[in-house]
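Visitor: What follows is upload-v1.txt, made up of compact mmCIF, C-alpha atoms and all ligand atoms:
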# COMPACT_ATOMS: atom_id res chain seq x y z
CA MET A 507 -27.02 -14.66 10.99
CA LYS A 508 -24.64 -16.48 13.27
CA ILE A 509 -21.80 -14.76 15.06
CA HIS A 510 -18.68 -16.00 16.79
CA GLU A 511 -18.46 -16.79 20.48
CA TYR A 512 -16.15 -13.84 21.10
CA GLN A 513 -18.58 -11.47 19.36
CA ALA A 514 -21.53 -12.81 21.34
CA LYS A 515 -19.55 -12.41 24.56
CA ALA A 516 -18.86 -8.77 23.70
CA ILE A 517 -22.65 -8.26 23.52
CA PHE A 518 -23.02 -10.11 26.84
CA ALA A 519 -20.45 -7.80 28.42
CA GLU A 520 -22.23 -4.74 27.05
CA TYR A 521 -25.45 -5.92 28.74
CA GLY A 522 -23.71 -6.81 31.99
CA ILE A 523 -23.67 -10.60 31.75
CA PRO A 524 -20.41 -11.71 33.43
CA VAL A 525 -17.82 -13.16 31.07
CA GLY A 526 -14.17 -13.98 31.69
CA LYS A 527 -11.17 -11.98 30.54
CA GLU A 528 -10.38 -12.98 26.99
CA LYS A 529 -9.23 -11.81 23.57
CA VAL A 530 -9.27 -13.15 20.06
CA ALA A 531 -6.12 -14.00 18.09
CA THR A 532 -5.42 -14.93 14.48
CA ASP A 533 -1.87 -16.25 14.88
CA PRO A 534 0.12 -18.20 17.50
CA GLU A 535 2.37 -15.29 18.56
CA GLU A 536 -0.62 -13.05 19.15
CA ALA A 537 -2.19 -15.83 21.24
CA LYS A 538 0.98 -16.05 23.31
CA ALA A 539 1.03 -12.29 23.92
CA ILE A 540 -2.59 -12.42 25.10
CA ALA A 541 -1.86 -15.34 27.42
CA GLN A 542 1.07 -13.42 28.88
CA GLU A 543 -1.19 -10.46 29.53
CA LEU A 544 -4.05 -12.52 31.04
CA GLY A 545 -1.91 -14.89 33.07
CA LEU A 546 -1.89 -18.70 32.94
CA PRO A 547 -3.65 -21.07 32.77
CA VAL A 548 -5.65 -20.14 29.69
CA VAL A 549 -8.19 -21.94 27.55
CA ILE A 550 -7.67 -21.67 23.79
CA LYS A 551 -10.89 -21.99 21.83
CA ALA A 552 -11.45 -22.41 18.08
CA GLN A 553 -13.80 -19.72 16.75
CA VAL A 554 -16.07 -21.60 14.37
CA LYS A 555 -19.81 -21.13 14.31
CA VAL A 556 -20.78 -24.66 15.28
CA GLY A 557 -21.29 -26.42 18.59
CA GLY A 558 -19.30 -29.37 19.86
CA ARG A 559 -15.92 -27.67 19.46
CA GLY A 560 -14.81 -29.15 22.77
CA LYS A 561 -15.49 -32.72 21.65
CA ALA A 562 -13.78 -32.06 18.31
CA GLY A 563 -10.56 -31.06 20.09
CA GLY A 564 -10.94 -27.35 19.33
CA ILE A 565 -10.79 -26.29 23.00
CA LYS A 566 -7.61 -26.81 25.00
CA LEU A 567 -6.48 -25.88 28.48
CA VAL A 568 -2.88 -24.62 28.54
CA GLU A 569 -0.94 -24.38 31.80
CA LYS A 570 2.47 -23.18 30.62
CA ILE A 571 3.26 -20.07 28.61
CA GLU A 572 5.77 -21.96 26.43
CA ASP A 573 2.95 -24.24 25.19
CA VAL A 574 0.55 -21.47 24.18
CA ALA A 575 1.87 -20.77 20.69
CA SER A 576 2.07 -24.43 19.67
CA VAL A 577 -1.42 -25.27 20.95
CA ALA A 578 -2.84 -22.14 19.28
CA ASN A 579 -1.05 -23.13 16.08
CA GLN A 580 -2.43 -26.65 16.26
CA ILE A 581 -6.01 -25.37 16.69
CA LEU A 582 -5.54 -22.82 13.89
CA GLN A 583 -4.64 -25.72 11.56
CA MET A 584 -7.83 -27.60 12.38
CA THR A 585 -10.99 -28.03 10.37
CA ILE A 586 -14.03 -28.60 12.58
CA LYS A 587 -17.15 -30.06 10.95
CA GLY A 588 -15.87 -28.90 7.56
CA ILE A 589 -15.02 -25.39 8.76
CA PRO A 590 -11.41 -24.20 8.75
CA VAL A 591 -10.41 -22.44 11.98
CA LYS A 592 -9.16 -18.89 11.32
CA LYS A 593 -9.33 -17.40 14.81
CA VAL A 594 -8.87 -18.57 18.36
CA LEU A 595 -10.15 -17.09 21.57
CA VAL A 596 -7.61 -16.99 24.38
CA ALA A 597 -9.50 -16.97 27.68
CA GLN A 598 -8.41 -16.91 31.28
CA ALA A 599 -9.22 -20.42 32.53
CA ILE A 600 -12.10 -20.52 34.98
CA PRO A 601 -12.15 -23.18 37.72
CA ILE A 602 -15.58 -24.73 37.23
CA ALA A 603 -17.75 -25.99 40.10
CA GLN A 604 -20.73 -26.98 37.95
CA GLU A 605 -21.98 -26.39 34.41
CA TYR A 606 -25.53 -25.22 33.64
CA TYR A 607 -27.50 -24.51 30.49
CA LEU A 608 -29.44 -21.31 29.82
CA GLY A 609 -30.99 -20.45 26.47
CA ILE A 610 -33.79 -18.49 24.89
CA THR A 611 -35.31 -19.40 21.55
CA ILE A 612 -38.65 -19.33 19.77
CA ASP A 613 -41.03 -22.16 20.54
CA ARG A 614 -42.82 -22.51 17.24
CA ALA A 615 -45.62 -24.62 18.70
CA ILE A 616 -46.69 -21.92 21.16
CA ARG A 617 -45.47 -19.06 18.92
CA LYS A 618 -43.62 -17.39 21.76
CA PRO A 619 -40.09 -17.15 23.05
CA VAL A 620 -39.22 -19.81 25.58
CA LEU A 621 -36.50 -19.81 28.19
CA LEU A 622 -34.78 -23.15 28.74
CA ALA A 623 -32.61 -23.86 31.75
CA SER A 624 -30.92 -26.99 33.02
CA SER A 625 -28.46 -28.21 35.61
CA ALA A 626 -27.08 -30.57 32.92
CA GLY A 627 -25.03 -27.93 31.10
CA GLY A 628 -22.00 -28.32 28.87
CA VAL A 629 -23.73 -30.77 26.53
CA ASP A 630 -26.05 -29.96 23.64
CA ILE A 631 -29.60 -29.13 24.67
CA GLU A 632 -30.77 -31.72 22.10
CA GLU A 633 -28.78 -34.32 23.99
CA ILE A 634 -30.21 -33.26 27.37
CA ALA A 635 -33.67 -33.43 25.80
CA ARG A 636 -32.95 -36.99 24.71
CA THR A 637 -31.20 -38.32 27.80
CA ALA A 638 -32.63 -36.28 30.67
CA PRO A 639 -35.72 -34.36 29.49
CA GLN A 640 -36.94 -34.01 33.08
CA LYS A 641 -33.88 -31.83 33.74
CA ILE A 642 -34.98 -29.11 31.33
CA ILE A 643 -36.97 -26.28 32.86
CA LYS A 644 -39.14 -24.47 30.30
CA GLN A 645 -40.57 -21.02 30.80
CA PRO A 646 -42.73 -19.62 27.99
CA ILE A 647 -42.41 -15.85 27.65
CA GLU A 648 -45.41 -13.66 26.88
CA PRO A 649 -43.92 -11.15 24.42
CA SER A 650 -46.25 -8.29 25.37
CA ILE A 651 -45.30 -8.64 29.05
CA GLY A 652 -41.72 -9.85 28.87
CA LEU A 653 -39.82 -12.14 31.19
CA LEU A 654 -40.74 -11.24 34.75
CA PRO A 655 -38.23 -11.27 37.61
CA PHE A 656 -40.30 -13.69 39.70
CA GLN A 657 -40.19 -16.18 36.84
CA THR A 658 -36.41 -16.16 36.61
CA ARG A 659 -35.98 -16.22 40.41
CA ASN A 660 -38.34 -19.16 40.54
CA ILE A 661 -36.17 -21.07 38.06
CA GLY A 662 -33.08 -19.95 39.96
CA PHE A 663 -34.41 -21.54 43.16
CA LYS A 664 -34.95 -24.82 41.31
CA LEU A 665 -31.33 -24.83 40.14
CA PHE A 666 -29.37 -23.34 43.05
CA ALA A 667 -29.43 -23.54 46.82
CA ASP A 668 -27.51 -20.31 47.43
CA SER A 669 -29.60 -17.12 47.28
CA GLN A 670 -26.71 -14.98 46.02
CA ILE A 671 -26.39 -17.31 43.04
CA VAL A 672 -30.17 -17.30 42.52
CA ASN A 673 -30.08 -13.52 42.27
CA GLU A 674 -27.16 -13.58 39.88
CA PHE A 675 -28.89 -16.21 37.76
CA SER A 676 -32.09 -14.20 37.66
CA ALA A 677 -30.22 -11.06 36.55
CA ILE A 678 -28.36 -13.00 33.84
CA ALA A 679 -31.59 -14.52 32.51
CA GLN A 680 -33.22 -11.07 32.42
CA LYS A 681 -30.28 -9.62 30.50
CA LEU A 682 -30.19 -12.54 28.09
CA TYR A 683 -33.85 -11.95 27.28
CA GLN A 684 -33.16 -8.24 26.84
CA ILE A 685 -30.52 -9.13 24.22
CA PHE A 686 -32.86 -11.63 22.58
CA TRP A 687 -35.58 -9.00 22.38
CA ASP A 688 -33.48 -5.92 21.49
CA LYS A 689 -31.55 -7.62 18.71
CA ASP A 690 -34.31 -9.78 17.20
CA CYS A 691 -32.53 -13.04 17.93
CA SER A 692 -33.72 -16.50 17.08
CA LEU A 693 -31.34 -17.92 19.67
CA ALA A 694 -29.41 -16.54 22.65
CA GLU A 695 -27.63 -19.28 24.55
CA ILE A 696 -25.12 -19.72 27.37
CA ASN A 697 -23.79 -23.26 27.47
CA PRO A 698 -22.20 -23.68 29.86
CA LEU A 699 -23.14 -21.08 32.39
CA VAL A 700 -20.89 -22.06 35.29
CA THR A 701 -20.56 -21.62 39.01
CA ILE A 702 -16.98 -20.72 39.88
CA ARG A 703 -15.08 -23.02 42.22
CA GLN A 704 -13.57 -20.89 44.95
CA SER A 705 -12.67 -20.98 48.60
CA GLN A 706 -14.17 -17.70 49.82
CA ALA A 707 -17.37 -16.01 48.73
CA THR A 708 -16.69 -13.45 46.02
CA SER A 709 -18.74 -12.03 43.24
CA PRO A 710 -19.72 -12.95 40.62
CA ARG A 711 -20.31 -16.61 41.38
CA LEU A 712 -21.84 -17.30 37.96
CA ILE A 713 -20.14 -16.67 34.64
CA ALA A 714 -20.92 -17.31 30.95
CA LEU A 715 -18.21 -19.62 29.62
CA ASP A 716 -19.65 -19.96 26.13
CA ALA A 717 -21.97 -17.75 24.11
CA LYS A 718 -24.08 -18.38 21.07
CA ILE A 719 -26.30 -15.82 19.38
CA VAL A 720 -28.22 -16.25 16.13
CA PHE A 721 -29.97 -13.17 14.74
CA ASP A 722 -33.16 -13.55 12.78
CA ASP A 723 -32.19 -12.53 9.22
CA ASN A 724 -35.62 -10.94 8.77
CA GLY A 725 -34.84 -8.52 11.59
CA LEU A 726 -31.35 -7.55 10.43
CA PHE A 727 -32.50 -4.47 8.51
CA LEU A 728 -33.58 -2.98 11.85
CA HIS A 729 -30.05 -3.35 13.22
CA PRO A 730 -27.42 -1.57 11.17
CA GLU A 731 -25.14 -1.89 14.22
CA LEU A 732 -24.96 -5.64 13.62
CA ALA A 733 -23.62 -5.36 10.07
CA ASP A 734 -20.04 -5.07 11.36
CA LEU A 735 -20.36 -8.44 13.06
CA GLN A 736 -20.75 -10.25 9.75
CA ASP A 737 -17.71 -12.46 9.35
CA PRO A 738 -17.69 -15.23 6.77
CA THR A 739 -14.86 -17.11 8.52
CA GLY A 740 -15.98 -19.88 10.78
CA GLU A 741 -19.01 -20.77 8.69
CA GLU A 742 -19.77 -23.82 6.58
CA PRO A 743 -18.15 -22.86 3.19
CA ASN A 744 -20.90 -24.53 1.16
CA GLU A 745 -23.65 -22.69 3.00
CA LEU A 746 -21.86 -19.42 2.21
CA GLU A 747 -21.50 -20.25 -1.49
CA ALA A 748 -25.14 -21.28 -1.66
CA LYS A 749 -26.22 -18.01 -0.04
CA LYS A 750 -24.25 -16.08 -2.67
CA ALA A 751 -25.96 -18.03 -5.48
CA GLY A 752 -29.42 -17.42 -3.99
CA LEU A 753 -29.94 -21.03 -2.90
CA SER A 754 -30.91 -22.11 0.61
CA TYR A 755 -28.67 -24.96 1.60
CA VAL A 756 -28.28 -26.68 4.93
CA LYS A 757 -25.80 -29.49 5.30
CA LEU A 758 -27.06 -32.59 7.08
CA GLU A 759 -25.47 -35.89 8.05
CA GLY A 760 -26.95 -38.41 5.56
CA ASN A 761 -25.86 -39.66 2.11
CA VAL A 762 -28.74 -38.76 -0.26
CA GLY A 763 -28.01 -35.36 -1.82
CA CYS A 764 -31.20 -33.42 -2.64
CA VAL A 765 -31.95 -30.73 -5.19
CA VAL A 766 -35.51 -29.50 -4.82
CA ASN A 767 -37.48 -26.38 -5.70
CA GLY A 768 -39.50 -24.80 -2.93
CA ALA A 769 -38.92 -25.14 0.81
CA GLY A 770 -42.15 -27.07 1.36
CA LEU A 771 -41.35 -29.65 -1.29
CA ALA A 772 -37.79 -29.87 0.04
CA MET A 773 -39.11 -30.67 3.52
CA ALA A 774 -41.57 -33.22 2.11
CA THR A 775 -38.74 -34.80 0.11
CA MET A 776 -36.59 -35.14 3.21
CA ASP A 777 -39.51 -36.70 5.08
CA LEU A 778 -40.02 -39.20 2.29
CA ILE A 779 -36.32 -40.11 2.21
CA LYS A 780 -36.55 -40.95 5.89
CA ARG A 781 -39.82 -42.79 5.33
CA PHE A 782 -38.06 -45.09 2.87
CA GLY A 783 -35.17 -45.72 5.24
CA GLY A 784 -32.65 -43.22 3.89
CA GLU A 785 -30.94 -40.14 5.33
CA PRO A 786 -30.79 -36.80 3.48
CA ALA A 787 -27.32 -35.28 3.08
CA ASN A 788 -28.73 -31.78 2.84
CA PHE A 789 -31.67 -29.49 2.51
CA LEU A 790 -31.45 -27.54 -0.75
CA ASP A 791 -34.05 -25.25 -2.19
CA ILE A 792 -33.09 -23.87 -5.61
CA GLY A 793 -35.94 -21.38 -5.35
CA GLY A 794 -38.79 -20.38 -7.58
CA SER A 795 -37.11 -18.79 -10.57
CA SER A 796 -35.18 -21.00 -12.88
CA SER A 797 -31.78 -20.62 -14.43
CA PRO A 798 -29.39 -23.36 -15.52
CA GLU A 799 -26.60 -21.68 -13.47
CA LYS A 800 -28.44 -22.36 -10.22
CA MET A 801 -28.50 -26.04 -11.09
CA ILE A 802 -24.77 -26.07 -11.83
CA THR A 803 -23.96 -24.39 -8.50
CA ALA A 804 -26.34 -26.73 -6.67
CA MET A 805 -24.64 -29.83 -8.12
CA LYS A 806 -21.19 -28.44 -7.28
CA ILE A 807 -22.16 -27.77 -3.66
CA ILE A 808 -23.75 -31.18 -3.19
CA LEU A 809 -20.84 -33.05 -4.75
CA SER A 810 -18.31 -31.33 -2.52
CA ASP A 811 -19.91 -33.26 0.37
CA LYS A 812 -18.02 -36.55 0.34
CA ASN A 813 -20.83 -38.36 2.19
CA VAL A 814 -23.14 -38.07 -0.81
CA LYS A 815 -23.69 -41.47 -2.45
CA ALA A 816 -26.68 -40.62 -4.67
CA ILE A 817 -28.36 -37.44 -5.84
CA LEU A 818 -32.09 -36.96 -5.92
CA ILE A 819 -33.54 -34.19 -8.04
CA ASN A 820 -37.15 -33.43 -7.30
CA ILE A 821 -38.66 -30.56 -9.28
CA PHE A 822 -42.25 -29.52 -9.46
CA GLY A 823 -42.20 -27.18 -12.43
CA GLY A 824 -44.30 -24.06 -12.10
CA ILE A 825 -42.34 -20.87 -12.60
CA THR A 826 -39.31 -23.12 -12.47
CA ARG A 827 -39.15 -24.71 -15.89
CA CYS A 828 -38.17 -28.36 -16.07
CA ASP A 829 -36.20 -27.81 -19.29
CA ASP A 830 -34.07 -25.13 -17.58
CA VAL A 831 -33.31 -27.56 -14.79
CA ALA A 832 -32.47 -30.28 -17.31
CA GLN A 833 -30.18 -27.91 -19.25
CA GLY A 834 -28.39 -26.96 -16.05
CA LEU A 835 -28.03 -30.58 -15.11
CA LEU A 836 -26.62 -31.46 -18.50
CA ALA A 837 -24.17 -28.56 -18.27
CA ALA A 838 -23.08 -29.73 -14.82
CA LEU A 839 -22.52 -33.23 -16.20
CA LYS A 840 -20.45 -31.82 -19.04
CA GLU A 841 -18.36 -29.68 -16.73
CA SER A 842 -17.18 -32.60 -14.65
CA LYS A 843 -17.67 -36.33 -14.49
CA ILE A 844 -20.17 -37.20 -11.77
CA ALA A 845 -19.47 -40.60 -10.26
CA VAL A 846 -22.58 -40.93 -8.07
CA PRO A 847 -25.94 -42.00 -9.52
CA ILE A 848 -28.48 -39.24 -10.17
CA VAL A 849 -32.22 -39.84 -10.02
CA ALA A 850 -34.52 -37.14 -11.35
CA ARG A 851 -38.20 -36.57 -11.05
CA LEU A 852 -39.17 -33.58 -13.16
CA THR A 853 -42.81 -32.77 -13.51
CA GLY A 854 -44.84 -29.73 -14.59
CA THR A 855 -43.84 -26.90 -16.91
CA ASN A 856 -41.95 -28.17 -19.99
CA GLU A 857 -41.67 -31.64 -18.57
CA ALA A 858 -41.60 -33.35 -21.99
CA GLU A 859 -38.73 -31.12 -23.21
CA ALA A 860 -36.81 -31.89 -20.04
CA HIS A 861 -37.11 -35.62 -20.59
CA LYS A 862 -35.93 -35.22 -24.18
CA ILE A 863 -32.90 -33.22 -23.02
CA LEU A 864 -31.89 -35.83 -20.46
CA ASN A 865 -32.57 -38.83 -22.67
CA GLY A 866 -29.34 -40.76 -23.20
CA SER A 867 -27.57 -39.11 -20.23
CA GLN A 868 -26.61 -40.90 -17.02
CA VAL A 869 -29.65 -39.41 -15.24
CA ILE A 870 -32.09 -42.07 -14.07
CA PRO A 871 -35.68 -40.93 -14.63
CA ALA A 872 -38.53 -41.51 -12.19
CA LYS A 873 -42.19 -40.94 -12.90
CA ASP A 874 -43.23 -39.79 -9.45
CA MET A 875 -41.83 -38.66 -6.15
CA ALA A 876 -42.15 -41.98 -4.30
CA GLU A 877 -40.40 -43.87 -7.08
CA ALA A 878 -37.61 -41.28 -7.27
CA VAL A 879 -37.01 -41.33 -3.53
CA GLN A 880 -37.01 -45.13 -3.34
CA LYS A 881 -34.54 -45.38 -6.22
CA ALA A 882 -32.20 -42.78 -4.71
CA VAL A 883 -32.30 -44.36 -1.25
CA ALA A 884 -31.54 -47.81 -2.72
CA LEU A 885 -28.66 -46.47 -4.83
CA ALA A 886 -27.14 -44.67 -1.84
CA LYS A 887 -26.95 -47.91 0.13
P1 LIG A 901 -18.52 -26.04 22.68
O1 LIG A 901 -17.98 -27.43 22.88
O2 LIG A 901 -18.35 -25.61 21.26
O3 LIG A 901 -19.90 -25.86 23.17
O4 LIG A 901 -17.55 -25.07 23.54
P2 LIG A 901 -17.65 -24.54 25.07
O5 LIG A 901 -17.17 -23.15 25.08
O6 LIG A 901 -19.00 -24.78 25.64
O7 LIG A 901 -16.59 -25.42 25.84
C1 LIG A 901 -16.73 -26.81 25.98
C2 LIG A 901 -16.29 -27.25 27.35
O8 LIG A 901 -14.93 -26.87 27.59
C3 LIG A 901 -17.07 -26.60 28.48
O9 LIG A 901 -18.29 -27.25 28.72
C4 LIG A 901 -16.10 -26.73 29.64
O10 LIG A 901 -16.22 -28.01 30.23
C5 LIG A 901 -14.74 -26.63 28.95
N1 LIG A 901 -14.18 -25.27 29.16
C6 LIG A 901 -14.34 -24.19 28.37
N2 LIG A 901 -13.76 -23.09 28.92
C7 LIG A 901 -13.23 -23.50 30.11
C8 LIG A 901 -12.52 -22.85 31.18
O11 LIG A 901 -12.25 -21.65 31.17
N3 LIG A 901 -12.15 -23.63 32.25
C9 LIG A 901 -12.42 -24.95 32.30
N4 LIG A 901 -12.03 -25.65 33.34
N5 LIG A 901 -13.09 -25.59 31.34
C10 LIG A 901 -13.50 -24.89 30.26
MN MN A 902 -20.86 -24.74 24.55
Could you render the structure from this file as structure tokens?

Guide:
Amino acid sequence: MKIHEYQAKAIFAEYGIPVGKEKVATDPEEAKAIAQELGLPVVIKAQVKVGGRGKAGGIKLVEKIEDVASVANQILQMTIKGIPVKKVLVAQAIPIAQEYYLGITIDRAIRKPVLLASSAGGVDIEEIARTAPQKIIKQPIEPSIGLLPFQTRNIGFKLFADSQIVNEFSAIAQKLYQIFWDKDCSLAEINPLVTIRQSQATSPRLIALDAKIVFDDNGLFLHPELADLQDPTGEEPNELEAKKAGLSYVKLEGNVGCVVNGAGLAMATMDLIKRFGGEPANFLDIGGSSSPEKMITAMKIILSDKNVKAILINIFGGITRCDDVAQGLLAALKESKIAVPIVARLTGTNEAEAHKILNGSQVIPAKDMAEAVQKAVALAK
């Protein structure tokens, strides 16, 4: 479960990680009142649960009180990466000296949490990993022991020259791990963590300017206190609809829409699309059980992504019956005209019935997975 920046910062504050003065607003007048209370300049930030809001124009510095409402209004009208902005955070602007990265996630290869820190903050960690991998400091965390103070001080000394800042950094890292551990997170991230530009030495010198927390859904039942944080605004609308229908859907950047049953087969399908020079538009697992409705919802979700140029259906029928999938597909085709080509590979339970059902429709059959993927990739080009 993802939460908003302002919600994550409230958790930071509760644990003693320094954050600026800020409040969330849902309309321009409210934003103005908050700015008045905090004092100018302020930074107005779109509250959507994706990164890269800054680059997308969803974060604006405002110097004058008379501009606050119009800038807030402009951001509230935006759609960032397909997500309509419903809330803005109005934050006292912080004069930044330098931006750092600090995050904790699970390293699946070592099966432990790992702390990542970098002096190249403000950009995505994936981008730092690509452009300056030597700038990422990695500290594996032994879960039975925890993150030890000497480890975080050690990293602090690699990043900062000033011992006061090293101590502050170490305390922040410790608290971030405490949050990660207490709340069963899969990600707890501060990007950027900044040093404050100032003339005389005051405290704190380090402050969390952004906050991202993702809770592990499998741990949510242990945390009834987190239920209140659930807020469907600021999330990818298709991912929400899919969740409601019992499908796992993740939007990606490519143009081959995929409908697959089983997460493993879905991953293998995406690999094969890439192998044949294509790019998947999504990950979609329609799950083990079969019902024609799932297929209809799946097609609707995929087609609402305007990047999709071809649809690939890859079903290995076990409990999922191929004829159910075919019925659903036919119903989806009846419901609305589908302009993009559809390639289907249906094999396993009731395969022959499925082929009979689809015979004469616009669906292009394929006898195996490789053929289906190649056809879909070619048609998407
Ligand atoms: P993201 O783009 O979604 O990760 O949003 P962030 O909250 O990380 O903000 C993006 C960038 O905006 C930061 O890296 C900063 O450079 C800038 N920014 C955000 N808040 C402030 C602020 O209070 N003062 C200043 N000067 N810059 C800010
Ligand atoms: Mn950020």

Visitor: Residues of chain A that approach ligand MN 902 (chain A) to 10 Å or less, counting all atoms listed in the file: could you list each one with the shortest pair of atoms and its distance in Å to one decimal, rows by chain and increasing residue number, as JSON lines?

Guide:
{"residue": "A:Glu511", "atom": "CA", "partner": "A:MN902", "partner_atom": "MN", "distance": 9.2}
{"residue": "A:Val556", "atom": "CA", "partner": "A:MN902", "partner_atom": "MN", "distance": 9.3}
{"residue": "A:Gly557", "atom": "CA", "partner": "A:MN902", "partner_atom": "MN", "distance": 6.2}
{"residue": "A:Gly558", "atom": "CA", "partner": "A:MN902", "partner_atom": "MN", "distance": 6.8}
{"residue": "A:Arg559", "atom": "CA", "partner": "A:MN902", "partner_atom": "MN", "distance": 7.7}
{"residue": "A:Gly560", "atom": "CA", "partner": "A:MN902", "partner_atom": "MN", "distance": 7.7}
{"residue": "A:Tyr607", "atom": "CA", "partner": "A:MN902", "partner_atom": "MN", "distance": 8.9}
{"residue": "A:Gly627", "atom": "CA", "partner": "A:MN902", "partner_atom": "MN", "distance": 8.4}
{"residue": "A:Gly628", "atom": "CA", "partner": "A:MN902", "partner_atom": "MN", "distance": 5.7}
{"residue": "A:Val629", "atom": "CA", "partner": "A:MN902", "partner_atom": "MN", "distance": 7.0}
{"residue": "A:Asp630", "atom": "CA", "partner": "A:MN902", "partner_atom": "MN", "distance": 7.4}
{"residue": "A:Ile631", "atom": "CA", "partner": "A:MN902", "partner_atom": "MN", "distance": 9.8}
{"residue": "A:Glu695", "atom": "CA", "partner": "A:MN902", "partner_atom": "MN", "distance": 8.7}
{"residue": "A:Ile696", "atom": "CA", "partner": "A:MN902", "partner_atom": "MN", "distance": 7.2}
{"residue": "A:Asn697", "atom": "CA", "partner": "A:MN902", "partner_atom": "MN", "distance": 4.4}
{"residue": "A:Pro698", "atom": "CA", "partner": "A:MN902", "partner_atom": "MN", "distance": 5.6}
{"residue": "A:Leu699", "atom": "CA", "partner": "A:MN902", "partner_atom": "MN", "distance": 8.9}
{"residue": "A:Ala714", "atom": "CA", "partner": "A:MN902", "partner_atom": "MN", "distance": 9.8}
{"residue": "A:Leu715", "atom": "CA", "partner": "A:MN902", "partner_atom": "MN", "distance": 7.7}
{"residue": "A:Asp716", "atom": "CA", "partner": "A:MN902", "partner_atom": "MN", "distance": 5.2}
{"residue": "A:Ala717", "atom": "CA", "partner": "A:MN902", "partner_atom": "MN", "distance": 7.1}
{"residue": "A:Lys718", "atom": "CA", "partner": "A:MN902", "partner_atom": "MN", "distance": 7.9}

Visitor: Region 842-859 of chain A: which residues within 10 Å, counting all atoms listed in the file, same-chain residues fewer than 5 positions away excluded, as a ChimeraX atom specification?

Guide: /A:762-766,805-806,809,814-833,835,837,864-865,868-883,885-886

Visitor: Can I get the selection written as a short mmCIF file (atom, residue, chain, number, x, y, z; two decimals), keeping the file's coordinate frame, with C-alpha atoms?

Guide:
data_model
loop_
_atom_site.label_atom_id
_atom_site.label_comp_id
_atom_site.auth_asym_id
_atom_site.auth_seq_id
_atom_site.Cartn_x
_atom_site.Cartn_y
_atom_site.Cartn_z
CA VAL A 762 -28.74 -38.76 -0.26
CA GLY A 763 -28.01 -35.36 -1.82
CA CYS A 764 -31.20 -33.42 -2.64
CA VAL A 765 -31.95 -30.73 -5.19
CA VAL A 766 -35.51 -29.50 -4.82
CA MET A 805 -24.64 -29.83 -8.12
CA LYS A 806 -21.19 -28.44 -7.28
CA LEU A 809 -20.84 -33.05 -4.75
CA VAL A 814 -23.14 -38.07 -0.81
CA LYS A 815 -23.69 -41.47 -2.45
CA ALA A 816 -26.68 -40.62 -4.67
CA ILE A 817 -28.36 -37.44 -5.84
CA LEU A 818 -32.09 -36.96 -5.92
CA ILE A 819 -33.54 -34.19 -8.04
CA ASN A 820 -37.15 -33.43 -7.30
CA ILE A 821 -38.66 -30.56 -9.28
CA PHE A 822 -42.25 -29.52 -9.46
CA GLY A 823 -42.20 -27.18 -12.43
CA GLY A 824 -44.30 -24.06 -12.10
CA ILE A 825 -42.34 -20.87 -12.60
CA THR A 826 -39.31 -23.12 -12.47
CA ARG A 827 -39.15 -24.71 -15.89
CA CYS A 828 -38.17 -28.36 -16.07
CA ASP A 829 -36.20 -27.81 -19.29
CA ASP A 830 -34.07 -25.13 -17.58
CA VAL A 831 -33.31 -27.56 -14.79
CA ALA A 832 -32.47 -30.28 -17.31
CA GLN A 833 -30.18 -27.91 -19.25
CA LEU A 835 -28.03 -30.58 -15.11
CA ALA A 837 -24.17 -28.56 -18.27
CA LEU A 864 -31.89 -35.83 -20.46
CA ASN A 865 -32.57 -38.83 -22.67
CA GLN A 868 -26.61 -40.90 -17.02
CA VAL A 869 -29.65 -39.41 -15.24
CA ILE A 870 -32.09 -42.07 -14.07
CA PRO A 871 -35.68 -40.93 -14.63
CA ALA A 872 -38.53 -41.51 -12.19
CA LYS A 873 -42.19 -40.94 -12.90
CA ASP A 874 -43.23 -39.79 -9.45
CA MET A 875 -41.83 -38.66 -6.15
CA ALA A 876 -42.15 -41.98 -4.30
CA GLU A 877 -40.40 -43.87 -7.08
CA ALA A 878 -37.61 -41.28 -7.27
CA VAL A 879 -37.01 -41.33 -3.53
CA GLN A 880 -37.01 -45.13 -3.34
CA LYS A 881 -34.54 -45.38 -6.22
CA ALA A 882 -32.20 -42.78 -4.71
CA VAL A 883 -32.30 -44.36 -1.25
CA LEU A 885 -28.66 -46.47 -4.83
CA ALA A 886 -27.14 -44.67 -1.84
#

Visitor: List the neighbours of Lys664 (chain A) out to 12 Å using only C-alpha atoms; skip same-chain residues closer than 4 positions along the sequence, and give me the result as an MDAnalysis selection string.

Guide: chainID A and resid 623:625 641:644 657:660 668:669 671:672 675:676

Visitor: Write the residues you've just listed into a file as a compact mmCIF listing (two decimals), in the frame of the given file, and include C-alpha atoms for each of them.

Guide:
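Output file again.txt is given in full below:
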# COMPACT_ATOMS: atom_id res chain seq x y z
CA ALA A 623 -32.61 -23.86 31.75
CA SER A 624 -30.92 -26.99 33.02
CA SER A 625 -28.46 -28.21 35.61
CA LYS A 641 -33.88 -31.83 33.74
CA ILE A 642 -34.98 -29.11 31.33
CA ILE A 643 -36.97 -26.28 32.86
CA LYS A 644 -39.14 -24.47 30.30
CA GLN A 657 -40.19 -16.18 36.84
CA THR A 658 -36.41 -16.16 36.61
CA ARG A 659 -35.98 -16.22 40.41
CA ASN A 660 -38.34 -19.16 40.54
CA ASP A 668 -27.51 -20.31 47.43
CA SER A 669 -29.60 -17.12 47.28
CA ILE A 671 -26.39 -17.31 43.04
CA VAL A 672 -30.17 -17.30 42.52
CA PHE A 675 -28.89 -16.21 37.76
CA SER A 676 -32.09 -14.20 37.66

Visitor: Once you count only C-alpha atoms, which residues end up no further than 10 Å from (-30.7, -12.1, 28.2) in the file's frame, shown as a ChimeraX atom specification?

Guide: /A:518,521-523,608-610,621,653,676-688,694-696
